[in-house]
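Engineer: This one is coords.cif, mmCIF, C-alpha atoms.
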data_upload
#
loop_
_atom_site.group_PDB
_atom_site.id
_atom_site.type_symbol
_atom_site.label_atom_id
_atom_site.label_comp_id
_atom_site.auth_asym_id
_atom_site.auth_seq_id
_atom_site.Cartn_x
_atom_site.Cartn_y
_atom_site.Cartn_z
ATOM 1 C CA MET A 1 47.985 -71.883 75.629
ATOM 2 C CA LEU A 2 44.802 -73.429 76.982
ATOM 3 C CA THR A 3 44.411 -74.741 80.491
ATOM 4 C CA LEU A 4 41.351 -76.917 81.009
ATOM 5 C CA LYS A 5 40.193 -78.422 84.272
ATOM 6 C CA CYS A 6 39.746 -82.161 83.892
ATOM 7 C CA PRO A 7 36.338 -82.958 85.459
ATOM 8 C CA TYR A 8 37.570 -86.432 86.472
ATOM 9 C CA CYS A 9 40.964 -85.617 88.013
ATOM 10 C CA GLY A 10 40.035 -82.130 89.152
ATOM 11 C CA VAL A 11 43.431 -80.841 88.020
ATOM 12 C CA ASP A 12 44.161 -77.916 85.721
ATOM 13 C CA ALA A 13 45.588 -79.695 82.723
ATOM 14 C CA ASP A 14 47.838 -77.877 80.330
ATOM 15 C CA GLU A 15 47.077 -78.070 76.618
ATOM 16 C CA THR A 16 50.137 -80.289 76.170
ATOM 17 C CA ASP A 17 48.545 -82.835 78.528
ATOM 18 C CA LEU A 18 45.414 -82.912 76.375
ATOM 19 C CA HIS A 19 44.321 -84.162 72.997
ATOM 20 C CA ALA A 20 41.724 -82.225 71.003
ATOM 21 C CA GLY A 21 38.772 -84.278 69.795
ATOM 22 C CA GLY A 22 36.782 -81.875 67.638
ATOM 23 C CA GLU A 23 33.242 -80.680 68.046
ATOM 24 C CA ALA A 24 31.162 -81.797 71.007
ATOM 25 C CA HIS A 25 27.534 -82.940 71.125
ATOM 26 C CA LEU A 26 27.514 -84.547 67.676
ATOM 27 C CA LYS A 27 24.565 -86.828 67.137
ATOM 28 C CA ARG A 28 25.813 -89.993 65.546
ATOM 29 C CA GLU A 29 23.778 -90.998 62.494
ATOM 30 C CA GLY A 30 23.839 -94.651 61.592
ATOM 31 C CA PRO A 31 21.890 -97.163 59.498
ATOM 32 C CA GLY A 32 18.423 -95.864 58.756
ATOM 33 C CA ALA A 33 19.468 -92.223 58.781
ATOM 34 C CA SER A 34 18.624 -90.036 55.825
ATOM 35 C CA ASP A 35 21.431 -89.101 53.451
ATOM 36 C CA ASP A 36 21.189 -85.477 54.530
ATOM 37 C CA ALA A 37 21.452 -86.313 58.223
ATOM 38 C CA PHE A 38 24.389 -88.618 57.596
ATOM 39 C CA GLU A 39 26.167 -85.994 55.527
ATOM 40 C CA ASP A 40 25.581 -83.491 58.305
ATOM 41 C CA TYR A 41 27.024 -85.854 60.850
ATOM 42 C CA LEU A 42 30.068 -86.685 58.760
ATOM 43 C CA PHE A 43 31.025 -83.339 57.323
ATOM 44 C CA MET A 44 29.131 -80.361 58.667
ATOM 45 C CA ARG A 45 30.743 -78.656 61.641
ATOM 46 C CA GLU A 46 30.112 -75.524 63.602
ATOM 47 C CA ASN A 47 32.837 -72.998 62.976
ATOM 48 C CA PRO A 48 31.929 -70.188 65.327
ATOM 49 C CA LYS A 49 33.718 -67.016 66.169
ATOM 50 C CA GLY A 50 32.898 -67.030 69.867
ATOM 51 C CA VAL A 51 31.266 -69.644 72.061
ATOM 52 C CA HIS A 52 32.220 -73.184 71.104
ATOM 53 C CA PHE A 53 31.862 -76.680 72.566
ATOM 54 C CA GLU A 54 34.633 -79.170 72.088
ATOM 55 C CA ARG A 55 35.701 -82.666 73.050
ATOM 56 C CA TRP A 56 39.046 -83.041 74.776
ATOM 57 C CA ARG A 57 40.869 -86.043 76.118
ATOM 58 C CA HIS A 58 43.123 -85.908 79.177
ATOM 59 C CA ALA A 59 45.640 -87.969 77.232
ATOM 60 C CA TYR A 60 48.661 -87.721 79.524
ATOM 61 C CA GLY A 61 46.501 -87.893 82.637
ATOM 62 C CA CYS A 62 43.522 -90.094 83.379
ATOM 63 C CA GLY A 63 42.866 -90.796 79.699
ATOM 64 C CA LYS A 64 39.198 -89.826 79.879
ATOM 65 C CA TRP A 65 37.205 -87.759 77.404
ATOM 66 C CA PHE A 66 35.477 -84.628 78.617
ATOM 67 C CA LEU A 67 33.753 -81.624 77.068
ATOM 68 C CA ALA A 68 34.750 -77.995 77.273
ATOM 69 C CA ALA A 69 32.926 -74.737 76.567
ATOM 70 C CA ARG A 70 35.209 -71.945 75.493
ATOM 71 C CA CYS A 71 35.461 -68.870 73.313
ATOM 72 C CA THR A 72 37.390 -69.294 70.077
ATOM 73 C CA THR A 73 38.337 -65.629 69.841
ATOM 74 C CA THR A 74 39.547 -64.911 73.367
ATOM 75 C CA LEU A 75 40.365 -68.492 74.471
ATOM 76 C CA GLN A 76 38.306 -67.822 77.594
ATOM 77 C CA VAL A 77 37.166 -71.105 79.113
ATOM 78 C CA PHE A 78 33.606 -71.109 80.459
ATOM 79 C CA GLY A 79 33.801 -74.566 81.971
ATOM 80 C CA THR A 80 34.372 -78.272 81.476
ATOM 81 C CA TYR A 81 32.066 -81.184 82.167
ATOM 82 C CA PRO A 82 31.985 -84.980 81.798
ATOM 83 C CA ALA A 83 31.257 -86.343 78.332
ATOM 84 C CA GLN A 84 28.259 -88.451 79.366
ATOM 85 C CA THR A 85 25.699 -85.800 78.549
ATOM 86 C CA LEU A 86 23.641 -84.817 75.508
ATOM 87 C CA GLU A 87 23.729 -81.103 76.154
ATOM 88 C CA PRO A 88 25.737 -78.665 78.270
ATOM 89 C CA PRO A 89 24.715 -78.618 81.942
ATOM 90 C CA GLN A 90 22.788 -75.578 83.152
ATOM 91 C CA ASP A 91 25.659 -74.160 85.209
ATOM 92 C CA ILE A 92 27.862 -74.087 82.095
ATOM 93 C CA LYS A 93 25.094 -72.389 80.111
ATOM 94 C CA ASP A 94 24.657 -69.861 82.910
ATOM 95 C CA ALA A 95 28.392 -69.177 82.991
ATOM 96 C CA ILE A 96 28.358 -68.490 79.250
ATOM 97 C CA SER A 97 25.236 -66.316 79.454
ATOM 98 C CA ALA A 98 26.904 -64.215 82.139
ATOM 99 C CA GLN A 99 29.830 -63.489 79.812
ATOM 100 C CA ARG A 100 28.217 -63.650 76.364
ATOM 101 C CA PRO A 101 24.541 -62.632 76.655
ATOM 102 C CA GLY A 102 22.438 -63.884 73.764
ATOM 103 C CA TRP A 103 24.893 -66.574 72.679
ATOM 104 C CA SER A 104 23.770 -69.560 70.634
ATOM 105 C CA TRP A 105 25.509 -72.619 69.290
ATOM 106 C CA GLY A 106 23.762 -75.242 67.196
ATOM 107 C CA ASN A 107 20.483 -75.934 68.991
ATOM 108 C CA PHE A 108 21.736 -74.598 72.313
ATOM 109 C CA LYS A 109 21.304 -71.122 73.685
ATOM 110 C CA MET B 1 64.618 -118.087 87.102
ATOM 111 C CA SER B 2 66.031 -115.161 85.215
ATOM 112 C CA ASN B 3 67.825 -112.422 87.075
ATOM 113 C CA ALA B 4 65.557 -109.376 87.030
ATOM 114 C CA VAL B 5 67.366 -106.095 86.401
ATOM 115 C CA SER B 6 65.795 -102.644 86.647
ATOM 116 C CA ALA B 7 65.835 -100.229 83.712
ATOM 117 C CA LEU B 8 69.019 -98.335 84.621
ATOM 118 C CA ASN B 9 70.385 -100.753 87.198
ATOM 119 C CA GLY B 10 70.445 -98.266 90.037
ATOM 120 C CA LYS B 11 72.068 -95.368 88.175
ATOM 121 C CA VAL B 12 72.720 -92.312 90.348
ATOM 122 C CA ALA B 13 73.364 -88.677 89.478
ATOM 123 C CA ALA B 14 74.553 -87.250 92.779
ATOM 124 C CA GLY B 15 74.386 -83.571 93.611
ATOM 125 C CA GLU B 16 72.504 -81.077 95.693
ATOM 126 C CA VAL B 17 69.459 -82.804 94.258
ATOM 127 C CA THR B 18 70.201 -86.459 93.695
ATOM 128 C CA ILE B 19 68.497 -88.431 90.937
ATOM 129 C CA ARG B 20 68.455 -92.138 91.629
ATOM 130 C CA GLU B 21 66.972 -94.985 89.677
ATOM 131 C CA ALA B 22 65.216 -96.736 92.506
ATOM 132 C CA GLY B 23 65.618 -100.298 91.304
ATOM 133 C CA LEU B 24 62.953 -102.928 91.043
ATOM 134 C CA ARG B 25 59.504 -102.248 92.409
ATOM 135 C CA GLY B 26 56.398 -104.344 92.107
ATOM 136 C CA MET B 27 53.619 -102.481 90.299
ATOM 137 C CA ILE B 28 50.150 -103.773 89.578
ATOM 138 C CA THR B 29 47.631 -101.960 87.419
ATOM 139 C CA LEU B 30 44.160 -102.619 88.733
ATOM 140 C CA ARG B 31 41.131 -101.547 86.731
ATOM 141 C CA GLY B 32 37.620 -101.829 88.025
ATOM 142 C CA ASP B 33 34.966 -99.985 89.996
ATOM 143 C CA LEU B 34 36.997 -98.089 92.582
ATOM 144 C CA ASN B 35 33.892 -97.519 94.710
ATOM 145 C CA ASP B 36 33.453 -101.237 95.178
ATOM 146 C CA SER B 37 34.075 -102.270 98.779
ATOM 147 C CA LYS B 38 35.781 -105.559 97.833
ATOM 148 C CA ILE B 39 38.203 -103.825 95.502
ATOM 149 C CA LYS B 40 38.915 -101.281 98.207
ATOM 150 C CA SER B 41 39.512 -103.892 100.867
ATOM 151 C CA VAL B 42 41.829 -106.048 98.752
ATOM 152 C CA CYS B 43 43.944 -102.987 97.902
ATOM 153 C CA THR B 44 44.221 -101.753 101.451
ATOM 154 C CA GLY B 45 44.818 -105.301 102.675
ATOM 155 C CA LEU B 46 47.748 -105.782 100.298
ATOM 156 C CA THR B 47 49.449 -102.506 101.052
ATOM 157 C CA GLY B 48 48.376 -101.543 104.560
ATOM 158 C CA VAL B 49 47.651 -97.951 103.511
ATOM 159 C CA ASP B 50 44.390 -96.050 103.229
ATOM 160 C CA PHE B 51 42.524 -96.114 99.929
ATOM 161 C CA PRO B 52 43.449 -92.942 98.001
ATOM 162 C CA THR B 53 40.905 -90.313 97.052
ATOM 163 C CA VAL B 54 40.882 -88.616 93.630
ATOM 164 C CA GLY B 55 44.363 -87.491 92.596
ATOM 165 C CA GLN B 56 46.046 -88.837 95.706
ATOM 166 C CA ALA B 57 48.732 -91.401 96.457
ATOM 167 C CA ASN B 58 49.224 -93.116 99.797
ATOM 168 C CA CYS B 59 52.659 -94.658 99.992
ATOM 169 C CA VAL B 60 54.572 -96.067 102.932
ATOM 170 C CA GLY B 61 57.970 -97.624 102.297
ATOM 171 C CA GLU B 62 57.784 -99.811 99.202
ATOM 172 C CA LYS B 63 54.030 -100.194 99.408
ATOM 173 C CA GLY B 64 51.378 -97.827 98.260
ATOM 174 C CA LEU B 65 48.214 -97.063 96.330
ATOM 175 C CA CYS B 66 48.045 -94.407 93.617
ATOM 176 C CA TRP B 67 44.886 -93.039 91.989
ATOM 177 C CA MET B 68 45.472 -93.222 88.233
ATOM 178 C CA SER B 69 42.011 -92.499 86.821
ATOM 179 C CA PRO B 70 38.364 -92.942 87.879
ATOM 180 C CA ASP B 71 38.638 -96.661 87.157
ATOM 181 C CA GLU B 72 42.337 -97.367 87.531
ATOM 182 C CA LEU B 73 44.610 -97.814 90.501
ATOM 183 C CA LEU B 74 48.325 -98.470 90.752
ATOM 184 C CA ILE B 75 49.299 -100.859 93.515
ATOM 185 C CA LEU B 76 52.914 -100.685 94.674
ATOM 186 C CA VAL B 77 54.440 -103.638 96.480
ATOM 187 C CA PRO B 78 57.978 -104.997 96.894
ATOM 188 C CA TYR B 79 59.119 -106.622 93.653
ATOM 189 C CA ALA B 80 59.277 -110.111 95.138
ATOM 190 C CA GLU B 81 55.679 -109.964 96.338
ATOM 191 C CA VAL B 82 53.974 -109.173 93.036
ATOM 192 C CA ASN B 83 52.934 -112.689 92.123
ATOM 193 C CA ASP B 84 51.524 -113.369 95.564
ATOM 194 C CA ALA B 85 49.638 -110.086 95.434
ATOM 195 C CA LEU B 86 48.201 -110.908 92.011
ATOM 196 C CA ALA B 87 47.102 -114.325 93.210
ATOM 197 C CA GLN B 88 45.404 -112.751 96.194
ATOM 198 C CA ILE B 89 43.609 -110.196 93.996
ATOM 199 C CA ALA B 90 42.453 -112.918 91.618
ATOM 200 C CA LYS B 91 41.129 -114.978 94.516
ATOM 201 C CA ILE B 92 39.288 -112.202 96.324
ATOM 202 C CA LEU B 93 37.931 -110.483 93.210
ATOM 203 C CA LYS B 94 37.017 -113.749 91.472
ATOM 204 C CA LYS B 95 33.406 -112.752 90.898
ATOM 205 C CA LYS B 96 34.054 -109.043 90.376
ATOM 206 C CA HIS B 97 34.597 -107.460 86.977
ATOM 207 C CA HIS B 98 38.197 -106.297 87.146
ATOM 208 C CA LEU B 99 41.584 -106.444 85.482
ATOM 209 C CA ALA B 100 44.858 -106.782 87.363
ATOM 210 C CA GLU B 101 48.150 -106.886 85.526
ATOM 211 C CA ASN B 102 51.761 -107.019 86.605
ATOM 212 C CA VAL B 103 53.469 -103.997 85.037
ATOM 213 C CA SER B 104 56.608 -104.012 87.202
ATOM 214 C CA ASP B 105 58.945 -104.742 84.309
ATOM 215 C CA ALA B 106 57.238 -102.252 81.990
ATOM 216 C CA ARG B 107 58.063 -99.294 84.197
ATOM 217 C CA ALA B 108 60.964 -97.551 85.837
ATOM 218 C CA LEU B 109 60.952 -95.773 89.171
ATOM 219 C CA ILE B 110 63.216 -92.775 89.736
ATOM 220 C CA THR B 111 63.597 -90.777 92.941
ATOM 221 C CA VAL B 112 64.450 -87.081 93.004
ATOM 222 C CA GLU B 113 65.821 -86.139 96.382
ATOM 223 C CA GLY B 114 67.123 -82.853 97.707
ATOM 224 C CA ALA B 115 66.323 -79.357 98.833
ATOM 225 C CA TYR B 116 65.023 -78.053 95.497
ATOM 226 C CA ALA B 117 63.614 -81.329 94.106
ATOM 227 C CA ARG B 118 60.347 -79.456 93.638
ATOM 228 C CA GLU B 119 62.001 -77.086 91.186
ATOM 229 C CA VAL B 120 63.561 -79.884 89.171
ATOM 230 C CA LEU B 121 60.091 -81.317 88.509
ATOM 231 C CA ALA B 122 58.618 -77.869 87.930
ATOM 232 C CA LYS B 123 61.105 -77.242 85.138
ATOM 233 C CA LEU B 124 59.870 -80.288 83.243
ATOM 234 C CA ALA B 125 56.155 -80.694 83.894
ATOM 235 C CA PRO B 126 53.212 -78.375 83.094
ATOM 236 C CA VAL B 127 52.038 -78.660 86.681
ATOM 237 C CA ASP B 128 51.620 -76.076 89.416
ATOM 238 C CA LEU B 129 54.194 -77.374 91.897
ATOM 239 C CA HIS B 130 53.916 -74.556 94.404
ATOM 240 C CA PRO B 131 53.985 -75.988 97.956
ATOM 241 C CA ASP B 132 50.406 -74.752 98.423
ATOM 242 C CA SER B 133 49.200 -76.659 95.349
ATOM 243 C CA PHE B 134 51.239 -79.847 95.397
ATOM 244 C CA ALA B 135 52.135 -81.536 98.676
ATOM 245 C CA PRO B 136 53.009 -85.005 99.922
ATOM 246 C CA GLY B 137 50.020 -87.212 99.163
ATOM 247 C CA ASP B 138 49.231 -85.584 95.822
ATOM 248 C CA PHE B 139 49.692 -87.684 92.708
ATOM 249 C CA ARG B 140 49.907 -86.389 89.166
ATOM 250 C CA ARG B 141 50.024 -88.073 85.775
ATOM 251 C CA THR B 142 51.478 -85.761 83.170
ATOM 252 C CA HIS B 143 54.539 -85.522 80.984
ATOM 253 C CA LEU B 144 58.162 -84.646 81.694
ATOM 254 C CA GLY B 145 59.691 -83.108 78.593
ATOM 255 C CA GLN B 146 58.290 -85.268 75.816
ATOM 256 C CA ALA B 147 57.646 -88.370 77.893
ATOM 257 C CA ALA B 148 54.600 -89.568 79.797
ATOM 258 C CA ALA B 149 55.290 -89.885 83.509
ATOM 259 C CA ALA B 150 53.635 -89.739 86.896
ATOM 260 C CA PHE B 151 54.976 -88.491 90.186
ATOM 261 C CA TRP B 152 54.168 -88.036 93.824
ATOM 262 C CA MET B 153 56.008 -86.797 96.903
ATOM 263 C CA ARG B 154 57.331 -89.145 99.529
ATOM 264 C CA ASP B 155 58.171 -86.232 101.795
ATOM 265 C CA ALA B 156 58.840 -82.512 101.477
ATOM 266 C CA ASP B 157 62.174 -83.025 99.680
ATOM 267 C CA THR B 158 61.611 -86.277 97.810
ATOM 268 C CA PHE B 159 59.689 -87.031 94.639
ATOM 269 C CA GLU B 160 59.115 -90.455 93.183
ATOM 270 C CA VAL B 161 58.689 -90.555 89.419
ATOM 271 C CA ILE B 162 57.434 -93.453 87.334
ATOM 272 C CA CYS B 163 57.768 -93.709 83.575
ATOM 273 C CA PHE B 164 57.885 -96.390 80.926
ATOM 274 C CA ARG B 165 61.000 -98.519 81.085
ATOM 275 C CA SER B 166 61.907 -97.836 77.461
ATOM 276 C CA ILE B 167 62.283 -94.103 78.132
ATOM 277 C CA ALA B 168 63.864 -94.378 81.583
ATOM 278 C CA GLU B 169 67.219 -93.114 80.320
ATOM 279 C CA TYR B 170 65.625 -90.041 78.724
ATOM 280 C CA VAL B 171 63.636 -89.182 81.851
ATOM 281 C CA PHE B 172 66.667 -89.782 84.070
ATOM 282 C CA ASP B 173 68.812 -87.473 81.930
ATOM 283 C CA LEU B 174 66.112 -84.794 81.902
ATOM 284 C CA LEU B 175 65.914 -84.858 85.684
ATOM 285 C CA ALA B 176 69.693 -84.980 86.088
ATOM 286 C CA ASP B 177 70.136 -81.981 83.760
ATOM 287 C CA GLY B 178 67.395 -80.093 85.590
ATOM 288 C CA ALA B 179 69.115 -80.773 88.895
ATOM 289 C CA LYS B 180 72.571 -79.880 87.582
ATOM 290 C CA ALA B 181 71.318 -76.520 86.306
ATOM 291 C CA GLY B 182 70.784 -75.545 89.921
ATOM 292 C CA ARG B 183 68.240 -73.779 92.054
ATOM 293 C CA VAL B 184 65.962 -71.112 90.616
ATOM 294 C CA GLY B 185 64.514 -70.017 93.920
ATOM 295 C CA TYR B 186 61.033 -69.586 92.531
ATOM 296 C CA PHE B 187 59.322 -71.362 95.414
ATOM 297 C CA ASP B 188 61.467 -69.809 98.182
#
Can the structure from this file be put into structure tokens for me?

Structural biologist:
Amino acid sequence: MLTLKCPYCGVDADETDLHAGGEAHLKREGPGASDDAFEDYLFMRENPKGVHFERWRHAYGCGKWFLAARCTTTLQVFGTYPAQTLEPPQDIKDAISAQRPGWSWGNFK
Amino acid sequence: MSNAVSALNGKVAAGEVTIREAGLRGMITLRGDLNDSKIKSVCTGLTGVDFPTVGQANCVGEKGLCWMSPDELLILVPYAEVNDALAQIAKILKKKHHLAENVSDARALITVEGAYAREVLAKLAPVDLHPDSFAPGDFRRTHLGQAAAAFWMRDADTFEVICFRSIAEYVFDLLADGAKAGRVGYFD
């Protein structure tokens, strides 16, 4: 069972209060994008064993989307942060580096 | 004018912890920029309580303000005063981007009152209800059993629970069963 801290409410929300929204930090490709980029955006997903970034929605709470960094093997949560960002904030990256030195995920490390 | 009736018409499950459908209560959902001084002043003016901070509810008697989300507030007023309150909001916030809606008849209000009321809620919600973590003034939106609900504490032994009107019976029965099952003693 996951417990994620909602960055808007500041409460520790149980997994049953949340709705999973898939991979975080997707770049949306629209008109004008190359076929390859659009295919990537539609279908290609990270599937890591370890550090992962996900979208979650505090569905039974404030209803807002936020992002979470966690480990898919141990379910350890490194941190959560508001969704209005293009990459993980430095303090989240630092928290991951402290636990998983040398980690990388997509373009982030 | 039709005769307004609350969801369970004042149903009571009496016991060491008493579950009571609290009857009609005026509720207004207000969405907008909660940092805006005009929105703050109209809310405090209507209810006479302080503007709540994140995750808090300030309630006195039938009036109160509850923090629902970063851009949503629940205004509690006596049922008969809702239309006046809405008119006042519309007048004062005329030039502000906002949405105010009367949701009184869409919701039910249930009180849980008694020595181990805290345990009754703790049995149903995935919330840390230890006295150190949840105290009067705190407000939480979550789910009770399978149903979306929100609750806050009026005082040390009394919770107020709101849920959708259509599931009021289910939530009432959940709470009544939780109360009937007796004290666990976990928080003692």

Engineer: Once the PyMOL selection byres ((chain A and resi 4) around 8) has been evaluated on this model, what residues remain selected, and can you format them as a ChimeraX atom specification?

Structural biologist: /A:2-3,5-6,12-15,68,77,79-80

Engineer: Nearest to Arg70 of chain A among A:Phe38, A:Gln90, A:Ala83, A:Ala24, with distances taken over all atoms listed in the file: which residue is it?

Structural biologist: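 With all atoms listed in the file as the atom set, the closest residue is A:Ala24.
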
Engineer: Could you tell me which residues the PyMOL selection byres ((chain B) within 10 of (chain A)) returns for this structure, as number ranges by chain?

Structural biologist: B: 54-56, 67-72, 125-128, 140-143, 146-150

Engineer: With all atoms listed in the file as the counted atoms, please give the residues lying no more than 10 Å from His97 of chain B, apart from itself and same-chain residues fewer than 4 positions off, as a list in words.

Structural biologist: Arg31, Gly32, Asp33, Ile39 and Leu93 of chain B

Engineer: Quick one: residues within 10 Å of Ser104 of chain A, all atoms listed in the file counted, chain neighbours fewer than 2 positions away excluded, as a PDB file with C-alpha atoms, in the coordinates of the input?

Structural biologist:
ATOM      1  CA  PRO A  48      31.929 -70.188  65.327  1.00  0.00           C
ATOM      2  CA  GLY A  50      32.898 -67.030  69.867  1.00  0.00           C
ATOM      3  CA  VAL A  51      31.266 -69.644  72.061  1.00  0.00           C
ATOM      4  CA  HIS A  52      32.220 -73.184  71.104  1.00  0.00           C
ATOM      5  CA  LYS A  93      25.094 -72.389  80.111  1.00  0.00           C
ATOM      6  CA  ILE A  96      28.358 -68.490  79.250  1.00  0.00           C
ATOM      7  CA  SER A  97      25.236 -66.316  79.454  1.00  0.00           C
ATOM      8  CA  ARG A 100      28.217 -63.650  76.364  1.00  0.00           C
ATOM      9  CA  PRO A 101      24.541 -62.632  76.655  1.00  0.00           C
ATOM     10  CA  GLY A 102      22.438 -63.884  73.764  1.00  0.00           C
ATOM     11  CA  GLY A 106      23.762 -75.242  67.196  1.00  0.00           C
ATOM     12  CA  ASN A 107      20.483 -75.934  68.991  1.00  0.00           C
ATOM     13  CA  PHE A 108      21.736 -74.598  72.313  1.00  0.00           C
ATOM     14  CA  LYS A 109      21.304 -71.122  73.685  1.00  0.00           C
TER      15      LYS A 109
END

Engineer: May I have the residues within 12 Å of Tyr116 of chain B as a PyMOL selection string, using only C-alpha atoms and disregarding those fewer than 2 positions away in the same chain?

Structural biologist: chain B and resi 15-19+112-114+118-123+129-131+156-159+175+178-188

Engineer: So how many Å separate atom CA of Trp65 of chain A and atom CA of Pro82 of chain A, to one decimal?

Structural biologist: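 Separation of atom CA of Trp65 of chain A and atom CA of Pro82 of chain A: 7.4 Å.
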
Engineer: How big is the axis-aligned box around the listed atoms of segment 69-75 of chain A once 5 Å is added on each side, and where is its centre? Give both in Å to one decimal, as AutoDock Vina command-line options.

Structural biologist:
--center_x 36.6 --center_y -69.8 --center_z 73.2 --size_x 17.4 --size_y 19.8 --size_z 16.7

Engineer: Work out how far atom CA of Thr29 of chain B is from atom CA of Ile75 of chain B, in Å to one decimal.

Structural biologist: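 Computed distance, atom CA of Ile75 of chain B to atom CA of Thr29 of chain B, equals 6.4 Å.
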
Engineer: Could segment 58-64 of chain A be written out with all heavy atoms, as a CSV table (one decimal), in the first residue's frame, please?

Structural biologist:
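Final file, selection_16.csv:
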chain,number,residue,atom,x,y,z
A,58,HIS,N,-5.2,13.3,-6.4
A,58,HIS,CA,-5.8,13.2,-5.0
A,58,HIS,C,-7.3,13.2,-5.2
A,58,HIS,O,-8.0,14.1,-4.9
A,58,HIS,CB,-5.3,14.4,-4.2
A,58,HIS,CG,-5.5,14.1,-2.7
A,58,HIS,ND1,-5.3,15.1,-1.7
A,58,HIS,CD2,-5.9,13.0,-2.0
A,58,HIS,CE1,-5.6,14.6,-0.5
A,58,HIS,NE2,-6.0,13.3,-0.7
A,59,ALA,N,-7.8,12.1,-5.7
A,59,ALA,CA,-9.1,12.0,-6.2
A,59,ALA,C,-10.2,12.2,-5.1
A,59,ALA,O,-11.2,12.9,-5.3
A,59,ALA,CB,-9.4,10.7,-6.9
A,60,TYR,N,-10.0,11.6,-4.0
A,60,TYR,CA,-11.0,11.7,-2.9
A,60,TYR,C,-10.7,12.9,-2.0
A,60,TYR,O,-11.4,13.2,-1.1
A,60,TYR,CB,-11.0,10.5,-2.1
A,60,TYR,CG,-11.9,9.4,-2.6
A,60,TYR,CD1,-11.3,8.3,-3.3
A,60,TYR,CD2,-13.3,9.4,-2.5
A,60,TYR,CE1,-12.1,7.3,-3.9
A,60,TYR,CE2,-14.1,8.4,-3.0
A,60,TYR,CZ,-13.5,7.3,-3.7
A,60,TYR,OH,-14.3,6.4,-4.2
A,61,GLY,N,-9.6,13.6,-2.3
A,61,GLY,CA,-9.3,14.8,-1.5
A,61,GLY,C,-9.5,16.1,-2.3
A,61,GLY,O,-10.6,16.4,-2.7
A,62,CYS,N,-8.4,16.8,-2.6
A,62,CYS,CA,-8.6,18.1,-3.2
A,62,CYS,C,-8.8,18.0,-4.7
A,62,CYS,O,-9.2,19.0,-5.3
A,62,CYS,CB,-7.3,19.0,-2.9
A,62,CYS,SG,-5.8,18.2,-3.6
A,63,GLY,N,-8.6,16.8,-5.3
A,63,GLY,CA,-8.9,16.6,-6.7
A,63,GLY,C,-7.7,17.1,-7.6
A,63,GLY,O,-7.9,17.1,-8.8
A,64,LYS,N,-6.6,17.5,-7.0
A,64,LYS,CA,-5.5,18.0,-7.9
A,64,LYS,C,-4.5,16.9,-8.3
A,64,LYS,O,-4.3,16.0,-7.6
A,64,LYS,CB,-4.7,19.1,-7.1
A,64,LYS,CG,-5.6,20.3,-6.6
A,64,LYS,CD,-6.1,21.1,-7.8
A,64,LYS,CE,-7.0,22.2,-7.3
A,64,LYS,NZ,-7.9,22.7,-8.3
